[in-house]
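Trainee: To start, I am sharing the structure in question, which I have written as structure tokens.
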Amino acid sequence: MALAEPLARDARKRAGTDAGFGVYVHWPFCLSKCPYCDFNSHVRHAAIDEARFVRAFAAEIAATAARIPGREAVSIFFGGGTPSLMQPSTVGAILDAIARHWSLAPDVEVTLEANPTSVEATRFRGYRAAGVNRVSLGVQALDDAALAALGRLHSAAEALAAVSIARATFPRYSFDLIYARPGQTVAAWRDELARAIAQAGDHLSLYQLTIEPDTPFATLHAAGKLATPDDDTARALYDATQDVCDAHGLPAYEISNHARPGGQCRHNLVYWRYGEYAGIGPGAHGRLDVNGRRYATAAEKNPEQWLALVEARGHGLTVDETLTRTEQADELLLMGLRLAEGIELARYAAVAGKPLDPSRIADLAQGGLVETTREGRLRVTAAGFPLLDAVVADLAA
Ligand SMILES: C[S@@+](CC[C@H](N)C(=O)[O-])C[C@H]1O[C@@H](n2cnc3c(N)ncnc32)[C@H](O)[C@@H]1O
Ligand code: SF4
């Protein structure tokens with residue numbers, strides 16, 4: 001990495017945009033598989049041997065910490081799958097293992113993803129006692145017919161009850177909704193979103209439904225049995241999302257994530273500001289900075305095979321590669337331009353070894369899709385966000 005990068009990092013620290021270090025822990029089990037989902041999640045009918053998983057998580061944490069010692073974690077994130085199926089003692093044991101190997105920032109954010117089906121107050125109090133201070137709930141819709149169509153096992157009332165328990169138990173909480181669902185109208189979405197915001201804390205994730213390859217939804221879609229909104233309707237739904245959230249003080253800080261000032265998810269910021277993160281557990285991805293090189297890691301996705309690998313050799317990685325400067329610069333661009341704050345052009349140049357092409361920036365700026373700031377940042381405009389993929393592809397080319 002260029003000498004300029006540590007200097008750029010100092011400047012970022014001063015500006016409050018330093019990404020820091022986070023730990024991602026993947027729990028790969030769910031009660032059932034939702035037909036739209038392509039996350040690494042598996043349904044098992046036999047009980048999960050959580051003690052065995054704890055030993056394997058601890059081994060992978062130790063192996064990763066041996067490569068990147070001395071880090072201070074600003075965030076720990078239990079994602080899934082459905083981490084709220086873990087016993088609170090399992091979460092506590094994994095947090096203990098992390099704290100044995102890395103230091104934790106005094107205000108470390110510890111998030112756990114929860115599915116409303118598995119939420120009950122006692123279990124949530126157990127997570128809180130174990131050290132979790134933020135929960136992210138998969139509400140998905142506040143409409144029972146839509147929840148059934150998404151294959152969810154909970155009703156809107158159950159999801160809202162889970163939100164109330166989250167609010168009563170944790171200092172911070174967020175929930176996810178999926179929009180651009182089959183048959184959804186702009187008027188219905190505006191109403192649903194306003195009802196959701198009335199129950200929201202300082203953060204909301206609002207995802208447009210994507211048809212992921214090799215899911216049951218993809219099969220239905222290909223057979224013409226699942227009509228997703230056309231491009232114009234999808235655009236109108238996106239615009240309504242920005243409009244309603246802006247009016248309620250929850251602007252987008254990332255293309256699908258909204259927060260009140262200070263409510264941004266620190267873990268997400270580690271990714272999008274292209275910080276360093278350890279990926280622990282089946283299918284988890286990491287980015288590790290070792291001796292001036294940046295490594296991209298990914299672990300075996302199948303839970304039982306991952307266990308066998310960790311038990312045999314101390315880690316479950318199946319990918320462990322160094323990234324070239326160009327690959328790092330592309331990733332920085334791809335991640336950073338999702339954020340409303342955009343990227344620091346000097347940092348891009350330090351990572352890439354050359355600046356972003358000024359004529360491409362000028363062309364996109366001319367079209368009103370990006371803008372540069374006095375502080376030397378490049379960011380996508382409100383008009384550019386709906387075309388983000390094309391903007392990034394143009395700049396990275
Ligand atoms: C990994 S899931 C974990 C949440 C938890 N398992 C649940 O479902 O409640 C994270 C979020 O991704 C979103 N998501 C998953 N698949 C999606 C898709 N195909 N399109 C849009 N959003 C999706 C959902 O909002 C979900 O809450
Ligand atoms: S519960 Fe969440 S992670 Fe599991 S299949 Fe459904 S959306 Fe995917």
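Residues in the structure tokens are named by chain (A, B, ... in the order shown) and by number from 1 within that chain; ligands are numbered from 1 in the order shown.
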Each residue of chain A with at least one atom at most 9 Å from ligand 2 should appear once, together with its nearest atom pair and the corresponding distance in Å (one decimal); atoms considered: only C-alpha atoms and all ligand atoms; ordering: chain, then increasing residue number; output as CSV.
Mentor:
residue,atom,partner,partner_atom_place_in_ligand_line,distance
A:Pro28,CA,ligand 2,3 (S),7.9
A:Phe29,CA,ligand 2,4 (Fe),7.0
A:Cys30,CA,ligand 2,4 (Fe),4.7
A:Leu31,CA,ligand 2,1 (S),7.0
A:Ser32,CA,ligand 2,5 (S),6.2
A:Lys33,CA,ligand 2,5 (S),3.9
A:Cys34,CA,ligand 2,6 (Fe),4.1
A:Pro35,CA,ligand 2,5 (S),7.3
A:Tyr36,CA,ligand 2,7 (S),7.3
A:Cys37,CA,ligand 2,8 (Fe),4.6
A:Asp38,CA,ligand 2,8 (Fe),6.6
A:Phe39,CA,ligand 2,8 (Fe),5.6
A:Asn40,CA,ligand 2,3 (S),7.2
A:Ser41,CA,ligand 2,3 (S),5.6
A:His42,CA,ligand 2,5 (S),7.6
A:Val43,CA,ligand 2,4 (Fe),8.5
A:Gly79,CA,ligand 2,3 (S),8.5
A:Gly80,CA,ligand 2,3 (S),5.4
A:Gly81,CA,ligand 2,3 (S),3.8
A:Thr82,CA,ligand 2,3 (S),5.7
A:Glu113,CA,ligand 2,2 (Fe),8.9
A:Ala114,CA,ligand 2,2 (Fe),8.5
A:Asn115,CA,ligand 2,1 (S),6.3
A:Thr117,CA,ligand 2,1 (S),8.8
A:Gly138,CA,ligand 2,2 (Fe),6.9
A:Gln140,CA,ligand 2,7 (S),8.8
A:Leu150,CA,ligand 2,6 (Fe),9.0
A:Gly151,CA,ligand 2,6 (Fe),8.1
A:Arg152,CA,ligand 2,6 (Fe),7.2
A:Leu153,CA,ligand 2,1 (S),8.8
Trainee: Apply DSSP to the structure's backbone, then extract all residues of region 309-364 of chain A labelled alpha helix (DSSP H) and return them as an NGL selection string.
Mentor: :A and (309-313 or 325-336 or 345-352 or 358-364)
Trainee: Please save N, CA, C and O atoms of the selected residues as a CSV table (one decimal), in the first residue's frame.
Mentor:
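Result file follows (selection.csv):
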chain,number,residue,atom,x,y,z
A,309,LEU,N,-13.7,-28.2,8.8
A,309,LEU,CA,-12.5,-27.6,8.5
A,309,LEU,C,-11.8,-26.9,9.7
A,309,LEU,O,-10.6,-27.0,9.9
A,310,VAL,N,-12.6,-26.2,10.5
A,310,VAL,CA,-12.1,-25.5,11.6
A,310,VAL,C,-11.5,-26.5,12.6
A,310,VAL,O,-10.4,-26.3,13.2
A,311,GLU,N,-12.2,-27.6,12.8
A,311,GLU,CA,-11.7,-28.6,13.8
A,311,GLU,C,-10.4,-29.3,13.3
A,311,GLU,O,-9.6,-29.7,14.1
A,312,ALA,N,-10.3,-29.4,12.0
A,312,ALA,CA,-9.1,-30.0,11.4
A,312,ALA,C,-7.9,-29.0,11.4
A,312,ALA,O,-6.7,-29.5,11.6
A,313,ARG,N,-8.1,-27.7,11.1
A,313,ARG,CA,-6.9,-26.9,10.9
A,313,ARG,C,-7.1,-25.5,11.5
A,313,ARG,O,-6.3,-24.6,11.2
A,325,ARG,N,-3.9,-3.3,-6.1
A,325,ARG,CA,-4.3,-1.9,-5.9
A,325,ARG,C,-5.6,-1.6,-6.7
A,325,ARG,O,-6.5,-0.9,-6.2
A,326,THR,N,-5.6,-2.0,-7.9
A,326,THR,CA,-6.8,-1.7,-8.7
A,326,THR,C,-8.0,-2.4,-8.1
A,326,THR,O,-9.1,-1.8,-8.1
A,327,GLU,N,-7.9,-3.6,-7.7
A,327,GLU,CA,-9.1,-4.3,-7.0
A,327,GLU,C,-9.5,-3.5,-5.8
A,327,GLU,O,-10.7,-3.4,-5.5
A,328,GLN,N,-8.5,-3.1,-5.0
A,328,GLN,CA,-8.9,-2.4,-3.8
A,328,GLN,C,-9.6,-1.0,-4.1
A,328,GLN,O,-10.6,-0.6,-3.5
A,329,ALA,N,-9.0,-0.4,-5.1
A,329,ALA,CA,-9.6,0.9,-5.5
A,329,ALA,C,-11.0,0.7,-6.0
A,329,ALA,O,-11.9,1.5,-5.7
A,330,ASP,N,-11.2,-0.3,-6.8
A,330,ASP,CA,-12.6,-0.6,-7.3
A,330,ASP,C,-13.6,-0.9,-6.1
A,330,ASP,O,-14.7,-0.4,-6.1
A,331,GLU,N,-13.1,-1.7,-5.2
A,331,GLU,CA,-13.9,-2.0,-4.0
A,331,GLU,C,-14.3,-0.7,-3.2
A,331,GLU,O,-15.4,-0.5,-2.8
A,332,LEU,N,-13.2,0.2,-3.0
A,332,LEU,CA,-13.4,1.4,-2.3
A,332,LEU,C,-14.5,2.3,-3.0
A,332,LEU,O,-15.4,2.8,-2.3
A,333,LEU,N,-14.4,2.3,-4.3
A,333,LEU,CA,-15.4,3.1,-5.1
A,333,LEU,C,-16.8,2.5,-5.0
A,333,LEU,O,-17.8,3.2,-4.7
A,334,LEU,N,-16.9,1.1,-5.2
A,334,LEU,CA,-18.1,0.4,-5.2
A,334,LEU,C,-18.8,0.6,-3.8
A,334,LEU,O,-20.1,0.8,-3.7
A,335,MET,N,-18.1,0.5,-2.7
A,335,MET,CA,-18.7,0.6,-1.4
A,335,MET,C,-18.9,2.0,-1.1
A,335,MET,O,-20.0,2.4,-0.6
A,336,GLY,N,-17.9,2.9,-1.3
A,336,GLY,CA,-18.0,4.3,-0.8
A,336,GLY,C,-19.1,5.1,-1.5
A,336,GLY,O,-19.7,6.0,-0.9
A,345,LEU,N,-11.4,11.7,-2.5
A,345,LEU,CA,-10.7,11.4,-3.8
A,345,LEU,C,-9.2,11.2,-3.5
A,345,LEU,O,-8.6,10.4,-4.2
A,346,ALA,N,-8.6,11.8,-2.5
A,346,ALA,CA,-7.2,11.6,-2.2
A,346,ALA,C,-6.9,10.2,-1.7
A,346,ALA,O,-5.9,9.6,-2.0
A,347,ARG,N,-7.9,9.6,-1.0
A,347,ARG,CA,-7.7,8.3,-0.5
A,347,ARG,C,-7.8,7.3,-1.7
A,347,ARG,O,-7.0,6.3,-1.8
A,348,TYR,N,-8.7,7.6,-2.6
A,348,TYR,CA,-8.8,6.7,-3.8
A,348,TYR,C,-7.5,6.7,-4.5
A,348,TYR,O,-6.9,5.7,-4.9
A,349,ALA,N,-6.9,7.9,-4.7
A,349,ALA,CA,-5.7,8.1,-5.5
A,349,ALA,C,-4.5,7.3,-4.8
A,349,ALA,O,-3.7,6.7,-5.4
A,350,ALA,N,-4.5,7.4,-3.4
A,350,ALA,CA,-3.5,6.7,-2.7
A,350,ALA,C,-3.6,5.2,-2.8
A,350,ALA,O,-2.6,4.5,-3.0
A,351,VAL,N,-4.8,4.7,-2.8
A,351,VAL,CA,-5.0,3.2,-2.9
A,351,VAL,C,-4.7,2.8,-4.3
A,351,VAL,O,-4.0,1.8,-4.6
A,352,ALA,N,-5.3,3.5,-5.3
A,352,ALA,CA,-5.2,3.1,-6.7
A,352,ALA,C,-3.8,3.3,-7.3
A,352,ALA,O,-3.4,2.7,-8.3
A,358,PRO,N,-10.4,12.5,-14.2
A,358,PRO,CA,-11.2,13.8,-14.1
A,358,PRO,C,-12.2,14.0,-15.2
A,358,PRO,O,-13.3,14.6,-14.9
A,359,SER,N,-11.9,13.5,-16.4
A,359,SER,CA,-12.9,13.7,-17.4
A,359,SER,C,-14.2,12.9,-17.2
A,359,SER,O,-15.3,13.3,-17.5
A,360,ARG,N,-14.0,11.7,-16.7
A,360,ARG,CA,-15.2,10.9,-16.4
A,360,ARG,C,-16.1,11.6,-15.3
A,360,ARG,O,-17.3,11.6,-15.3
A,361,ILE,N,-15.3,12.1,-14.2
A,361,ILE,CA,-16.0,12.8,-13.2
A,361,ILE,C,-16.8,14.0,-13.8
A,361,ILE,O,-18.0,14.2,-13.5
A,362,ALA,N,-16.1,14.7,-14.6
A,362,ALA,CA,-16.7,15.9,-15.2
A,362,ALA,C,-18.0,15.5,-16.0
A,362,ALA,O,-19.0,16.2,-15.9
A,363,ASP,N,-17.9,14.5,-16.8
A,363,ASP,CA,-19.0,14.1,-17.6
A,363,ASP,C,-20.2,13.7,-16.7
A,363,ASP,O,-21.4,14.1,-17.0
A,364,LEU,N,-20.0,12.9,-15.6
A,364,LEU,CA,-21.1,12.5,-14.8
A,364,LEU,C,-21.6,13.8,-14.0
A,364,LEU,O,-22.8,13.9,-13.8
Trainee: Just give me the gap between CA of Pro182 (chain A) and CA of Ala252 (chain A) in Å, one decimal is fine.
Mentor: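 Pair CA of Pro182 (chain A) / CA of Ala252 (chain A) returns 23.7 Å.
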Trainee: Smallest atom-to-atom distance to ligand 1: which of A:Ser136, A:Ser164, A:Asn291, A:Thr324, using only C-alpha atoms and all ligand atoms?
Mentor: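 Of A:Ser136, A:Ser164, A:Asn291, A:Thr324, the one nearest ligand 1, counting only C-alpha atoms and all ligand atoms, is A:Ser136.
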Trainee: From region 39-187 of chain A, collect each residue whose DSSP state is strand (DSSP E or B) and return the set as JSON, numbers by chain.
Mentor: {"A": [42, 72, 73, 74, 75, 76, 77, 78, 79, 80, 103, 104, 105, 106, 107, 108, 109, 110, 111, 112, 113, 114, 134, 135, 136, 137, 138, 139, 140, 172, 173, 174, 175, 176, 177, 178, 179]}
Trainee: Using only C-alpha atoms, which residue out of A:Leu356, A:Ala59, A:Val23, A:Ala47 lies closest to Gly279 (chain A)?
Mentor: A:Val23
Trainee: I need the residue nearest ligand 1 from this list: A:His203, A:His26, A:Arg260, A:Arg44. Use only C-alpha atoms and all ligand atoms for the distance.
Mentor: A:His26
Trainee: Neighbours of Arg266 (chain A) within 8 Å (only C-alpha atoms; same-chain residues fewer than 2 positions away dropped), as number ranges by chain?
Mentor: A: 74-75, 109, 264, 268-270
Trainee: Pick from A:Ala180, A:Gly262, A:Ile197, A:Gly275: nearest to Thr228 (chain A), with only C-alpha atoms counted?
Mentor: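 That would be A:Ala180, the residue with the smallest distance to Thr228 (chain A).
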